[in-house]
Structure formats: C-alpha cells, structure tokens
Amino acid sequence: MRGYRDYLTRAAGIAQRQLNALPPKDNEGGTMKAMVLESVSSVEEKPLKLVDLPKPVPGRDEIVIRISACGVCHTELDEIEGRVPPSRFPMILGHEIVGSVEGVGAAAKKFRKGDRVGIAWINWACGKCPFCLNGEENLCDTARWTGKDAHGGYAQFTVVSEGFAYPIPDEFSDVKAAPLLCAGVIGYRALRLSRMEDGKVLGLYGFGASAHIVIQVAKHKYPNGRVFVFTRPHQKEHQDLARRLGADWIGATGDTSPEKLDCAIDFTPVGEPVREALRNLQKGGRVVINAIRKVNPVPELDYTEHLWYEKEVKSVANVTRRDAQEFLPLAADIPIIPETQEFELEQANEALILLKEGKMQGAGVLKIAE
Ligand SMILES: [Zn+2]
Ligand SMILES: [Zn+2]
C-alpha cells in the first residue's frame, strides 16, 4: 500500500503543479478508475490492480481525453515482465487509445471538446535532436512512450500534448479504431521498411493483431503480390483468419516456403522465426523484425545459408507521428476491418494472459465504461 500512497501523493503534486500553471476550472477534479502496474511481475500473477486515481488535468498545450477503448498490445507483456520496464511505478499501461476530448489546456488549439481522437505509442519527442530533425522521432533519445513513460489508456482518462493526438476517421467505431493505433501503425511502418512491391512475395511470421492488419494493407496496395503466412502449428484459428483475409499460402514456422520470399516481416515474440525467414528469403531480400523485444535470442546464423547474397535484417523501432497520420486515412480508405475481441477494463489481466498464450483472435481491446 505504501507504493500506492506515494503515488497518490506524487500524482496530487503533479496535478497541483498543472493547476498552478492554469486558471482553475470548476468542472475539473474528481477521480477515475485505472488498472495500474506497481512492479515488474509475471503476467500469470494478474499484476494489474484496479484503483481510483485523480483525474488528469491538462497542461498548457495538452488535452484530456475521456477514454472509450484501449487496445491490448504485446508490448504490455514486455513491460510487465521487465523486458521493457516502465520508467516509473505505478504506471498505467496501454498505448492504443481512443476517446473524446474532455478538456483542453490554455494554449491547446488543435482540438475542441467532444472531438474523437487517438493516441499511439509515441507520446512526446524533443523535436530538436538530429533524429527528430531528420524525421526519425521514433529514434529520439529523450522521447517518451505512452503507457511506459507517461500514463496510458488502461483508465477512464488520460492527458497528452495535442501534437501527439490524431483525429479518428468516422469509418471506425472506437473499438475498431483502437488496434489501428499500434498494431496498424507499426505494421504499416514494417511493411514500408520491408520494401514490398507489387508482384513480389511477402512472408508474414506470426498472425496476430499486427499481421492481420498488414495483410489487408498489402492486399490493397499490391494487388498482384502474394502473401505467405507462417504461424505456430497449433494456431488453427490464426490460420483460418489468414485464409479469410486472402493469404496465398499458409504454413507453420519451420516450413520451407513454396517459393522464395522477396521480403518478410517477423511479428513473433521469439527468436527462431528470424532465422527461418532468412532461410526462406530470396537473394537481396530483407527481413523486418516488428518486435520491441524477443523473449529468447535469435539462434546462431549460418553466414552462407542465412545472410550471404546480400540478405538484410532490419528491426522496427517505435513509430513516428507521420506513420500514424499516413496510416489512419489509408486504413479508412481500404477499409481495414480489424478483428477484435472485447474485454472490460477490469479484465485487462485476463486479456494479457490470452495474448501471451497466443489465443487472442485478432486484436484485444478494452472497452472502457464511463
Ligand atoms: Zn503496441
Ligand atoms: Zn529528438
């Protein structure tokens, strides 16, 4: 309990500092429900605890968002289990946030109360470092990440700098929009980095939240391209979903693909598919790894078999605002239809366990009641 009391004291201090910078408003204050992580733990221990916290108050250029949906992402498993620990505790996880603007700071101009907006993994970047100036704010040394360095979406309210929120296209319900904000945006970035082109063969290793969106983008952008999907052998439901979404061939990780892959994206949390994808890769091809961490090492590579002939491996790190700004309208145009499985805020632990077991169908989304 001590940790939680400290947190409340700190949270009250932050709220007070924010209030000091703003004229007080009558409609602010009150509490909200949130699922918080208090320390690194195993997911099976159901570490997220439901608590009441003070409602956030916007700083000068910030907006407060009343959250209606928040996607459940594999990165939360990495945070909880300590592979990507939050920068402080307790932390409210969650970075696929959809809701409506509830309040705006004195200098915030971009949105009005009631606007529907989303927040993604990138919460803030400095805008001044060589990476930021080069359009690579995803690599900014001092960037902050939603649900890791700033409180995220497993709660009724959150606050963000207005420049890091995006309008949500009308085509999507709140629940359907949520997974677009990470699974979709980062999948889009991975697809771009893969150098897929029309007529080529794209391999997808793993078929969860991100891959099932990427296949829809690939089928739209590259109508003459083909997509080969590799899953764990027992993931029959993932394979059925891949078939429904137009996969041209489906097999198990470890299978030799019927044709060489011109490019491949690995969405899995484990090391082996990297080597498998390299083995199946065409000369000059590229494997993109769409994962923030791996739970086990990439196995030893044989230079001749896995790397020679100018094969490349490239990781995807985080996202930029541009990725989100490009992807959301494209997703509405296609339109992408994310497969979602809904949970209550209080069921976040159970959702994360299902995700870890590879049993989530499409993307998990917490539907957050008022
Ligand atoms: Zn994510
Ligand atoms: Zn920077």
# chains A, B, ... in the order shown; residues from 1 in each chain; ligands from 1
$ residues_around --residues "Gly71 in chain A" --least-positions-apart "6" --cutoff "9 Å" --atoms "only C-alpha atoms" --output "VMD selection string"
chain A and resid 94 to 98 153 to 154 175 177 to 183 363 to 367
$ select_by_dssp --residues "range 135-285 of chain A" --states "strand (DSSP E)" --output "ChimeraX atom specification"
/A:144-145,157-161,166-167,201-205,226-231,249-252,261-266,281-285
$ residues_around --residues "range 313-318 of chain A" --least-positions-apart "2" --cutoff "7 Å" --atoms "only C-alpha atoms" --output "list in words"
Asn138, Ala190, Arg286, Val287, Val288, Ile289, Asn290, Ala291 and Ile292 of chain A
$ residues_around --residues "Glu102 in chain A" --least-positions-apart "5" --cutoff "6 Å" --atoms "only C-alpha atoms" --output "list in words"
Val64, Ile65, Arg66 and Lys113 of chain A
$ residues_near_ligand --ligand "ligand 2" --cutoff "12 Å" --atoms "only C-alpha atoms and all ligand atoms" --output "ChimeraX atom specification"
/A:122,124-144,320
